[in-house]
Each structure stands twice: as C-alpha cells, then as structure tokens.
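As provided, input_22.txt (compact mmCIF, C-alpha atoms) reads as follows.
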# COMPACT_ATOMS: atom_id res chain seq x y z
CA MET E 1 -64.66 42.22 -205.58
CA ARG E 2 -68.27 41.10 -205.43
CA LYS E 3 -69.58 38.35 -203.18
CA GLY E 4 -69.90 34.94 -204.73
CA ILE E 5 -66.50 34.92 -206.42
CA LEU E 6 -65.33 31.97 -204.32
CA SER E 7 -68.01 29.63 -205.61
CA PHE E 8 -67.63 30.96 -209.15
CA LEU E 9 -63.87 30.46 -209.23
CA ALA E 10 -64.09 26.90 -207.97
CA VAL E 11 -65.94 25.94 -211.14
CA THR E 12 -64.54 28.30 -213.76
CA THR E 13 -60.87 27.96 -212.87
CA ALA E 14 -61.00 24.20 -213.32
CA ALA E 15 -62.87 24.62 -216.58
CA ALA E 16 -60.40 27.19 -217.87
CA LEU E 17 -57.39 25.02 -217.08
CA SER E 18 -59.05 22.08 -218.80
CA LEU E 19 -59.57 24.17 -221.93
CA THR E 20 -55.95 25.27 -221.90
CA ALA E 21 -54.72 21.73 -221.63
CA CYS E 22 -56.67 20.87 -224.76
CA GLY E 23 -55.36 23.95 -226.59
CA ASP E 24 -58.88 25.21 -227.35
CA GLY E 25 -60.44 28.60 -226.73
CA ASP E 26 -63.55 29.49 -224.79
CA SER E 27 -66.31 30.35 -227.21
CA ASN E 28 -69.92 31.38 -226.96
CA ASP E 29 -71.62 32.27 -230.21
CA SER E 30 -74.96 32.95 -228.57
CA GLY E 31 -74.90 36.70 -228.35
CA GLY E 32 -78.14 37.15 -226.47
CA SER E 33 -81.09 39.27 -227.46
CA GLY E 34 -80.16 42.39 -229.39
CA SER E 35 -76.44 41.57 -229.64
CA LYS E 36 -75.05 42.18 -233.12
CA GLY E 37 -71.36 41.81 -232.41
CA LYS E 38 -68.77 39.34 -231.22
CA VAL E 39 -65.69 39.89 -229.07
CA GLY E 40 -62.43 38.07 -229.63
CA VAL E 41 -59.93 37.90 -226.75
CA ILE E 42 -56.33 36.75 -227.14
CA LEU E 43 -54.42 36.08 -223.92
CA PRO E 44 -50.61 35.86 -224.09
CA ASP E 45 -49.43 32.69 -222.36
CA THR E 46 -49.75 30.25 -219.49
CA THR E 47 -46.19 30.52 -218.18
CA SER E 48 -45.40 34.12 -217.19
CA SER E 49 -48.24 34.12 -214.64
CA VAL E 50 -51.06 31.81 -213.55
CA ARG E 51 -53.48 34.72 -213.73
CA TYR E 52 -54.47 34.47 -217.40
CA GLU E 53 -56.16 31.07 -217.27
CA SER E 54 -57.07 31.01 -213.59
CA PHE E 55 -58.59 34.49 -213.42
CA ASP E 56 -58.70 36.62 -216.60
CA ARG E 57 -60.39 33.97 -218.74
CA PRO E 58 -63.21 33.07 -216.30
CA TYR E 59 -63.81 36.70 -215.30
CA LEU E 60 -64.02 37.82 -218.94
CA GLU E 61 -66.29 34.91 -219.77
CA GLN E 62 -68.56 35.80 -216.87
CA ALA E 63 -68.73 39.46 -217.93
CA PHE E 64 -69.54 38.69 -221.58
CA LYS E 65 -72.21 36.18 -220.60
CA ALA E 66 -73.79 38.72 -218.26
CA ALA E 67 -73.84 41.27 -221.10
CA GLY E 68 -75.33 38.75 -223.54
CA VAL E 69 -72.42 39.18 -225.95
CA ALA E 70 -70.90 36.47 -228.14
CA TYR E 71 -67.21 35.88 -227.44
CA ASP E 72 -64.18 33.77 -228.29
CA ILE E 73 -61.30 33.59 -225.81
CA GLN E 74 -58.03 31.92 -226.81
CA ASN E 75 -54.47 31.77 -225.48
CA ALA E 76 -51.41 32.24 -227.71
CA GLU E 77 -49.27 30.04 -225.42
CA GLY E 78 -46.32 32.43 -225.68
CA SER E 79 -46.07 32.17 -229.48
CA THR E 80 -46.28 35.36 -231.55
CA GLN E 81 -47.01 33.20 -234.61
CA ARG E 82 -49.92 31.54 -232.82
CA PHE E 83 -51.06 34.98 -231.63
CA GLN E 84 -51.32 36.22 -235.22
CA THR E 85 -52.92 32.97 -236.43
CA ILE E 86 -55.62 33.24 -233.77
CA ALA E 87 -56.20 36.89 -234.70
CA ASP E 88 -56.57 35.99 -238.39
CA GLN E 89 -59.08 33.27 -237.51
CA MET E 90 -61.06 35.63 -235.32
CA LEU E 91 -61.14 38.35 -237.97
CA THR E 92 -62.29 35.80 -240.56
CA SER E 93 -65.01 34.58 -238.18
CA GLY E 94 -66.46 38.09 -237.99
CA VAL E 95 -65.48 39.48 -234.60
CA THR E 96 -66.31 43.16 -234.28
CA VAL E 97 -64.01 43.89 -231.31
CA LEU E 98 -60.61 42.40 -230.49
CA VAL E 99 -59.22 42.49 -226.93
CA LEU E 100 -55.48 41.84 -227.05
CA ASP E 101 -52.95 41.09 -224.32
CA GLY E 102 -49.90 41.12 -226.57
CA ILE E 103 -46.80 39.01 -226.14
CA ASP E 104 -44.79 41.88 -227.59
CA SER E 105 -45.71 45.24 -229.05
CA ASN E 106 -44.69 44.52 -232.64
CA SER E 107 -46.89 41.47 -233.17
CA ALA E 108 -49.84 42.97 -231.29
CA ALA E 109 -49.59 46.27 -233.19
CA ALA E 110 -49.53 44.36 -236.49
CA VAL E 111 -52.77 42.62 -235.53
CA GLN E 112 -54.32 45.95 -234.56
CA ARG E 113 -53.47 47.49 -237.92
CA LYS E 114 -54.95 44.51 -239.75
CA ALA E 115 -58.10 44.75 -237.61
CA GLN E 116 -58.39 48.49 -238.23
CA ALA E 117 -58.21 47.91 -241.99
CA GLN E 118 -61.23 45.61 -241.63
CA GLY E 119 -63.19 48.03 -239.46
CA VAL E 120 -62.66 46.03 -236.28
CA LYS E 121 -62.11 47.95 -233.04
CA THR E 122 -59.29 46.92 -230.68
CA ILE E 123 -58.61 47.18 -226.96
CA ASP E 124 -55.17 46.74 -225.42
CA TYR E 125 -55.66 44.61 -222.32
CA ASP E 126 -53.13 44.75 -219.46
CA ARG E 127 -50.23 45.63 -221.80
CA LEU E 128 -50.04 48.61 -224.12
CA SER E 129 -48.91 47.77 -227.66
CA LEU E 130 -46.38 50.47 -228.44
CA GLY E 131 -46.81 51.81 -231.95
CA GLY E 132 -50.26 50.26 -232.15
CA VAL E 133 -53.63 51.71 -233.07
CA SER E 134 -55.84 50.41 -230.27
CA ASP E 135 -58.99 52.36 -229.51
CA TYR E 136 -58.62 51.86 -225.75
CA TYR E 137 -56.23 50.54 -223.13
CA VAL E 138 -57.29 48.80 -219.91
CA SER E 139 -54.76 48.02 -217.20
CA PHE E 140 -53.58 48.78 -213.74
CA ASP E 141 -51.48 51.90 -213.45
CA ASN E 142 -48.21 50.11 -214.07
CA VAL E 143 -45.94 52.91 -212.88
CA LYS E 144 -47.89 52.76 -209.60
CA VAL E 145 -47.39 48.98 -209.55
CA GLY E 146 -43.65 49.62 -209.68
CA GLU E 147 -43.94 52.29 -207.01
CA GLU E 148 -45.76 49.79 -204.76
CA LEU E 149 -42.88 47.37 -205.31
CA GLY E 150 -40.36 50.08 -204.43
CA LYS E 151 -42.29 51.23 -201.35
CA GLY E 152 -42.70 47.60 -200.31
CA LEU E 153 -38.97 46.90 -200.48
CA GLN E 154 -38.29 50.14 -198.61
CA LYS E 155 -40.73 49.14 -195.87
CA CYS E 156 -39.09 45.73 -195.54
CA LEU E 157 -35.51 47.04 -195.45
CA GLY E 158 -36.15 50.09 -193.29
CA ASP E 159 -33.65 52.93 -192.96
CA LYS E 160 -30.52 50.79 -192.72
CA ALA E 161 -27.84 50.86 -195.41
CA ALA E 162 -28.56 48.15 -197.94
CA ASN E 163 -27.37 46.70 -201.23
CA ILE E 164 -30.27 46.07 -203.58
CA ALA E 165 -30.63 44.21 -206.86
CA TYR E 166 -33.35 44.51 -209.49
CA LEU E 167 -34.73 41.57 -211.47
CA ASN E 168 -37.06 43.21 -213.96
CA GLY E 169 -39.57 41.56 -216.26
CA ALA E 170 -39.20 40.75 -219.94
CA PRO E 171 -37.52 43.52 -221.95
CA THR E 172 -40.15 43.06 -224.68
CA ASP E 173 -42.99 43.80 -222.24
CA ASN E 174 -43.83 47.51 -221.91
CA ASN E 175 -45.37 46.80 -218.51
CA ALA E 176 -41.99 45.59 -217.24
CA THR E 177 -40.45 48.90 -218.32
CA LEU E 178 -43.14 50.79 -216.41
CA PHE E 179 -42.73 48.60 -213.31
CA ALA E 180 -39.01 49.34 -213.28
CA LYS E 181 -39.64 53.04 -213.77
CA GLY E 182 -42.02 53.14 -210.81
CA ALA E 183 -39.64 51.19 -208.58
CA HIS E 184 -36.78 53.54 -209.43
CA ASN E 185 -39.05 56.53 -208.75
CA VAL E 186 -39.11 55.38 -205.12
CA LEU E 187 -35.80 53.63 -204.54
CA ASP E 188 -33.53 56.12 -206.31
CA LYS E 189 -34.46 58.62 -203.60
CA THR E 190 -33.20 56.34 -200.82
CA SER E 191 -29.68 55.71 -199.59
CA TYR E 192 -29.74 52.10 -200.78
CA LYS E 193 -26.98 51.08 -203.18
CA LYS E 194 -28.02 49.42 -206.43
CA VAL E 195 -25.48 46.64 -207.01
CA ALA E 196 -27.13 44.83 -209.93
CA GLU E 197 -30.02 45.12 -212.35
CA GLN E 198 -31.11 42.81 -215.16
CA ALA E 199 -34.23 41.96 -217.14
CA VAL E 200 -35.51 38.38 -217.13
CA PRO E 201 -36.24 37.14 -220.68
CA ASP E 202 -39.88 36.12 -221.13
CA TRP E 203 -40.41 36.40 -217.35
CA LYS E 204 -39.08 32.84 -217.04
CA ALA E 205 -38.43 31.78 -213.45
CA GLU E 206 -35.63 29.36 -214.36
CA GLN E 207 -33.73 32.17 -216.07
CA ALA E 208 -34.37 34.44 -213.10
CA ALA E 209 -32.79 31.84 -210.81
CA THR E 210 -29.68 31.64 -213.00
CA ILE E 211 -29.40 35.43 -213.24
CA PHE E 212 -29.79 35.94 -209.49
CA GLU E 213 -27.33 33.20 -208.61
CA GLN E 214 -24.76 34.94 -210.79
CA MET E 215 -25.55 38.28 -209.12
CA LEU E 216 -25.20 36.78 -205.67
CA THR E 217 -21.88 35.15 -206.55
CA GLU E 218 -20.47 38.31 -208.16
CA LYS E 219 -21.41 40.37 -205.09
CA GLY E 220 -20.00 37.85 -202.63
CA GLY E 221 -23.45 37.25 -201.16
CA LYS E 222 -23.76 40.91 -200.17
CA ILE E 223 -27.29 41.61 -201.40
CA ASP E 224 -29.81 42.75 -198.79
CA GLY E 225 -32.90 43.29 -200.91
CA VAL E 226 -34.24 42.16 -204.29
CA LEU E 227 -36.77 44.10 -206.32
CA ALA E 228 -38.32 41.07 -208.05
CA ALA E 229 -40.89 42.13 -210.65
CA ASN E 230 -43.39 39.32 -209.99
CA ASP E 231 -43.98 36.35 -207.70
CA GLY E 232 -42.50 33.88 -210.18
CA ILE E 233 -39.23 35.80 -210.25
CA GLY E 234 -39.42 36.29 -206.50
CA GLY E 235 -39.86 32.55 -206.02
CA ALA E 236 -36.81 31.88 -208.18
CA VAL E 237 -34.77 34.31 -206.06
CA ILE E 238 -35.97 32.59 -202.88
CA SER E 239 -34.94 29.18 -204.26
CA ILE E 240 -31.37 30.44 -204.65
CA LEU E 241 -31.44 32.07 -201.22
CA LYS E 242 -32.59 28.76 -199.71
CA LYS E 243 -29.74 27.00 -201.47
CA ASN E 244 -27.38 29.47 -199.78
CA LYS E 245 -29.20 29.33 -196.42
CA GLU E 246 -30.14 33.01 -196.73
CA ALA E 247 -33.91 32.75 -197.21
CA GLY E 248 -35.76 35.09 -194.88
CA LYS E 249 -32.65 37.22 -194.38
CA VAL E 250 -32.94 39.03 -197.72
CA ALA E 251 -36.01 41.17 -198.49
CA VAL E 252 -37.72 39.98 -201.70
CA THR E 253 -40.70 41.57 -203.45
CA GLY E 254 -43.19 40.12 -205.91
CA GLN E 255 -46.32 40.83 -207.89
CA ASP E 256 -49.62 39.14 -208.77
CA ALA E 257 -50.55 37.81 -205.30
CA THR E 258 -50.16 34.22 -206.45
CA LEU E 259 -50.61 31.25 -204.13
CA GLU E 260 -46.84 30.70 -204.15
CA GLY E 261 -46.14 34.36 -203.43
CA LEU E 262 -48.61 34.52 -200.55
CA GLN E 263 -47.22 31.34 -199.00
CA ASN E 264 -43.71 32.75 -199.32
CA ILE E 265 -44.94 35.80 -197.42
CA LEU E 266 -46.46 33.60 -194.71
CA ASP E 267 -43.15 31.72 -194.50
CA GLY E 268 -41.27 35.00 -194.05
CA ASN E 269 -39.21 34.45 -197.20
CA GLN E 270 -40.95 37.13 -199.31
CA CYS E 271 -41.70 40.49 -197.79
CA MET E 272 -44.58 41.59 -200.03
CA THR E 273 -46.44 41.25 -203.30
CA VAL E 274 -48.59 43.57 -205.39
CA TYR E 275 -52.21 42.55 -205.70
CA LYS E 276 -54.10 43.57 -208.82
CA PRO E 277 -57.80 42.69 -208.53
CA VAL E 278 -58.08 41.15 -212.00
CA LYS E 279 -61.87 41.09 -211.92
CA GLN E 280 -61.90 44.90 -212.05
CA GLU E 281 -59.68 44.78 -215.13
CA ALA E 282 -61.74 42.10 -216.88
CA ASP E 283 -65.00 43.91 -216.11
CA ALA E 284 -63.61 47.21 -217.43
CA ALA E 285 -62.43 45.58 -220.68
CA ALA E 286 -65.77 43.84 -221.17
CA LYS E 287 -67.65 47.07 -220.55
CA LEU E 288 -65.57 48.88 -223.17
CA ALA E 289 -66.03 46.04 -225.67
CA VAL E 290 -69.79 46.12 -225.21
CA SER E 291 -69.79 49.91 -225.71
CA LEU E 292 -67.88 49.51 -228.97
CA ILE E 293 -70.30 46.84 -230.18
CA LYS E 294 -73.15 49.26 -229.53
CA GLY E 295 -71.34 52.05 -231.38
CA GLU E 296 -70.96 54.03 -228.17
CA LYS E 297 -67.98 55.86 -226.72
CA GLY E 298 -66.39 54.00 -223.83
CA GLU E 299 -65.96 55.47 -220.35
CA THR E 300 -62.32 56.08 -219.37
CA ASN E 301 -60.49 57.75 -216.50
CA GLY E 302 -57.31 58.90 -218.19
CA THR E 303 -54.89 58.48 -221.09
CA THR E 304 -51.64 56.60 -221.53
CA ASN E 305 -48.84 57.94 -223.70
CA ASP E 306 -47.53 55.72 -226.47
CA PRO E 307 -44.13 57.26 -227.28
CA GLU E 308 -43.63 55.10 -230.37
CA GLY E 309 -47.07 55.83 -231.78
CA LYS E 310 -46.82 59.46 -230.65
CA ARG E 311 -50.34 59.42 -229.27
CA ASP E 312 -52.28 59.34 -226.01
CA VAL E 313 -54.49 56.27 -225.74
CA PRO E 314 -57.83 56.65 -223.92
CA SER E 315 -57.46 54.42 -220.87
CA VAL E 316 -59.07 52.80 -217.88
CA LEU E 317 -56.32 52.69 -215.24
CA LEU E 318 -56.93 50.78 -212.02
CA THR E 319 -55.18 50.98 -208.65
CA PRO E 320 -52.81 48.23 -207.42
CA ILE E 321 -52.53 47.21 -203.76
CA GLY E 322 -49.35 46.42 -201.84
CA VAL E 323 -49.84 43.25 -199.79
CA PHE E 324 -47.85 42.32 -196.70
CA LYS E 325 -48.53 39.70 -194.04
CA GLU E 326 -50.76 42.13 -192.13
CA ASN E 327 -53.21 42.66 -195.02
CA ILE E 328 -52.88 39.35 -196.83
CA LYS E 329 -56.45 38.58 -195.73
CA GLN E 330 -57.79 41.00 -198.36
CA VAL E 331 -56.69 38.64 -201.13
CA THR E 332 -58.58 35.67 -199.66
CA ASP E 333 -61.59 37.82 -198.73
CA ASP E 334 -61.82 38.81 -202.42
CA GLY E 335 -61.63 35.18 -203.44
CA PHE E 336 -58.60 35.82 -205.63
CA VAL E 337 -56.81 33.00 -203.80
CA LYS E 338 -59.00 30.51 -201.96
CA LYS E 339 -58.44 30.29 -198.22
CA GLU E 340 -58.56 26.50 -198.31
CA ASP E 341 -55.71 26.44 -200.83
CA LEU E 342 -53.56 29.00 -199.03
CA CYS E 343 -54.04 27.57 -195.56
CA LYS E 344 -53.42 23.88 -196.18
CA GLY E 345 -51.30 21.81 -193.80
CA ALA E 346 -48.49 23.71 -192.15
CA TYR E 347 -49.96 27.00 -193.41
CA ALA E 348 -53.09 26.70 -191.24
CA ALA E 349 -51.38 28.14 -188.17
CA LYS E 350 -49.58 30.77 -190.26
CA CYS E 351 -52.88 31.87 -191.79
CA LYS E 352 -54.39 32.20 -188.32
CA ASP E 353 -51.46 34.38 -187.26
CA ALA E 354 -52.14 36.56 -190.32
CA GLY E 355 -55.81 36.96 -189.36
CA ILE E 356 -57.19 34.49 -191.90
CA GLN E 357 -59.72 32.35 -190.06
Take the structure in the file and give it back as structure tokens.
Amino acid sequence: MRKGILSFLAVTTAAALSLTACGDGDSNDSGGSGSKGKVGVILPDTTSSVRYESFDRPYLEQAFKAAGVAYDIQNAEGSTQRFQTIADQMLTSGVTVLVLDGIDSNSAAAVQRKAQAQGVKTIDYDRLSLGGVSDYYVSFDNVKVGEELGKGLQKCLGDKAANIAYLNGAPTDNNATLFAKGAHNVLDKTSYKKVAEQAVPDWKAEQAATIFEQMLTEKGGKIDGVLAANDGIGGAVISILKKNKEAGKVAVTGQDATLEGLQNILDGNQCMTVYKPVKQEADAAAKLAVSLIKGEKGETNGTTNDPEGKRDVPSVLLTPIGVFKENIKQVTDDGFVKKEDLCKGAYAAKCKDAGIQ
C-alpha cells in the first residue's frame, strides 16, 4: 500500500464509524470537472467483519474523490430488504454505476437485473452474485484465500497425525464456498483426519462458539487444528479453547488480519491469518467504475465462472497473503492495522519480539 495510509486511516476510519452509527451513507454529489456519472456503493454489514466500515468505505471514498467522481456509499446492515431499498433509492437518484457487495446472491442478482433494465452498469465487489448480470467482478482470488488457510494450518500442525475441524463461513456467501474449496485443495492431500465440518450462519461469532463447543464435546476434546474461515470465527474458537484450558495447544487459522486476529497470533493462540490488502481491492473497483462512467472497457486480469448464470465474468483478482508471527509486521507497515493499536500495553513486548518497533 502507498505511504500516508496511517494518517489517512486515523481520520477516515473514525468518520466512517460515525456515519455507520447514524445509519447514513457517505455521499459526495460534486463529481468534479468533466464527470457526468455517479457511483453507488452498497456494503453488506458491520458484523461479519470490521473491514467494511473501517477500510472499504474510506478507501473507496478516497479513490472516488481522487477521480473527481460523485458517489454514494451506504451499508445494508445485514438486511437484504435494506439492501434492495438502498439500491432502489440509488437508481432513482440517477447513479450510472452500482458497486455491490451482496449479502446473498439472490438479492444482489435481483438488484443487478433491475439496474440493467435501467441501463445502469454493475460491479460485484468482493463477492460474486451467482446468477447475476454484473459487468465486472473485483475480489481477491478466493480459492487462493482458502489455499492460504489450508497451507497455514498445515504449517502450524507440521507432519504429525492430527484431527482437524472446519468452521466455514456463511452458506449463503459464495466466497465461503470458495474458501472451503481452497482449504480442501490443500488439506485433503495430507494425512490429517477431518473429524468435523460445519458452516457458520451469517458468519456470526456467537454461533461459531456454540458450534465449536459442540464439536469439541462430541470429539472428546480430540481436535488438534481448526480451519476457521475468518478471524471472528477463529476468535470464537479460541474463547472455547480458553474455557477448556486448551488455548495455544490447538492450531487455529483466521482471515482478514483484524486487530483481534493479530493479537491472538501474538499471544500464540492463533497460528495465522490471511491478509487481503483492501486498498488494492477498493482502488480496482473505483478504477473500473470510472471506466464505465467514461464509456470505456475496464482493465481485468482474468474471468470468474458463475455456474448458476452459466457465464464467465470479467474479473480483477488480487493475491492474498498468509500472515504468521514472523511477517505480521507487513500488516502494520501497510497501515492496515495501526502499530499503536496493536502494540498497546502487554502487547508492546510481543510486538518487539515480532519485529514491530
């Protein structure tokens, strides 16, 4: 990521969280000289991950301002009804491009079809809407994300015999399906024994804790590694392991490089996370949106198959990064998590041991 992100995030993250608390969207109707379009962005929620309000919103806002493009960014707060209401309002207000991070494929695809009927271009952001009609898709290569999770768990467990459990993401989220596929691509080739696997509805940490506690009880505590699909789920697993005095003895993965996840890594309770530099994703989506406003073809680096829509969607696919204690410094160097937040109090010495000065 570019220099200067630390100072930028300090201001924009606070502003974004304030906007969310009020339930309003970020809007800028001043399109700049020569701009004849407006971009609408609908983010999915504030609960499955902290990324959407802390990072995606401010990075997208920064990119649209730099391009001199009018924009409206709102969050559906996990409600498909609100998602569609926001979309209707944006279409009525005259947006020319919609960037959608759908809560589920059905509701997002319905919005895309309505937008298409009105001549509005759409971009799937982070999640592909199966059966949709988006013009482009921007995300990290989600099978590779899963493969990083699988390789991470393998690195943490080593060559010893091990019982492993999977806690996958929401069954309605196509990304979660791809993460699981990637993880199985790696782990199915090992000698580890899969003893349990379950999806976590809506990515909710409290449900993940309940599910994992049941797994642990059913297996008599004999689980050596947990393929947790994100840091929130990983944190829920760790809470149950702490309750059973097993934290740090069981390898646990995660994703999103959240503050909680990174501190769990420093504590030795989580073995790794997957870092996705969100600024790259936001910049790529903004660049495509601006191209569509100008009537130009967007630059892509591949396609993504939509089996329900029976089509290949032109895509920008970015590369995820596996993060362990030894390279955790990359996340703070990028400004994705601020060093002063990560290294507070008892974590100061642990940060120093991890090379974060």
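If you look at CA of Ala257 (chain E) and CA of Lys276 (chain E), they are 7.6 Å away from each other.
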Might you pull out every residue within 6 Å of Gln255 (chain E), with only C-alpha atoms counted and same-chain residues fewer than 6 positions away left off, and present them as a tab-separated table (two decimals) with C-alpha atoms, in the frame of the given file?
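Ended up saving to around.tsv:
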chain	number	residue	atom	x	y	z
E	230	ASN	CA	-43.39	39.32	-209.99
E	231	ASP	CA	-43.98	36.35	-207.70
E	273	THR	CA	-46.44	41.25	-203.30
E	274	VAL	CA	-48.59	43.57	-205.39
Between CA of Ser239 (chain E) and CA of Gln270 (chain E) - distance in Å to one decimal: 11.1 Å
Top pick for closest residue to Thr80 (chain E), considering E:Ala180, E:Ile42, E:Leu227, E:Val50 and counting only C-alpha atoms: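 The closest residue to Thr80 (chain E) is E:Ile42.
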Nearest to Val69 (chain E) by atom-to-atom distance, counting all atoms listed in the file, from E:Ala286, E:Ala236, E:Ala229, E:Ala247: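 Among the listed residues, the smallest separation from Val69 (chain E) belongs to E:Ala286.
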Interatomic distance, CA of Thr253 (chain E) to CA of Gly152 (chain E) (Å, one decimal): 7.1 Å
Test item: residues at most 6 Å from region 159-169 of chain E, all atoms listed in the file, excluding those fewer than 3 positions along its chain, as a list in words: Ala176, Tyr192, Lys193, Lys194, Val195, Ala196, Glu197, Gln198, Ala199, Val200, Trp203, Ile223, Asp224, Gly225, Val226, Leu227, Ala228 and Ala229 of chain E
Non-local contacts of Ala284 (chain E) (12 Å; only C-alpha atoms; under 3 positions in same chain excluded) as a ChimeraX atom specification: /E:56,59-60,63-64,99,123-126,136-140,277-281,287-291,298-301,315-318
Counting all atoms listed in the file, the residue of E:Val313, E:Met90, E:Leu262, E:Ala348 that sits nearest Glu326 (chain E):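 Checking each candidate against Glu326 (chain E), we get E:Leu262 as the closest.
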Pick from E:Val39, E:Ala66, E:Leu157, E:Val120 nearest to Gly248 (chain E), counting all atoms listed in the file: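 Using all atoms listed in the file, the shortest distance to Gly248 (chain E) belongs to E:Leu157.
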Who sits within 8 Å of region 339-345 of chain E, only C-alpha atoms, same chain under 5 positions skipped, as a PyMOL selection string: chain E and resi 259+262-263+332+350-351+356
Centre, x/y/z edge lengths, axis-aligned box for region 44-60 of chain E with 5 Å per side, as JSON:
{"center_x": -54.7, "center_y": 34.0, "center_z": -218.8, "size_x": 28.6, "size_y": 17.6, "size_z": 20.7}
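Minimum distance to Phe212 (chain E) across E:Ile265, E:Ile240, E:Ala70, E:Ile103 (counting only C-alpha atoms) occurs at E:Ile240.
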10 Å contact set for Gln118 (chain E), only C-alpha atoms, chain neighbours under 5 positions out, as a list in words: Leu91, Thr92, Gly94, Thr96, Gln112 and Arg113 of chain E
Nearest to Asp101 (chain E), chosen from E:Leu153, E:Leu187, E:Met215, E:Ala282, with all atoms listed in the file counted in the distances: E:Ala282
Neighbours of point (-46.9, 33.5, -222.6) within 10 Å, using only C-alpha atoms, written as a ChimeraX atom specification: /E:43-49,52,75-80,101-104,202-204
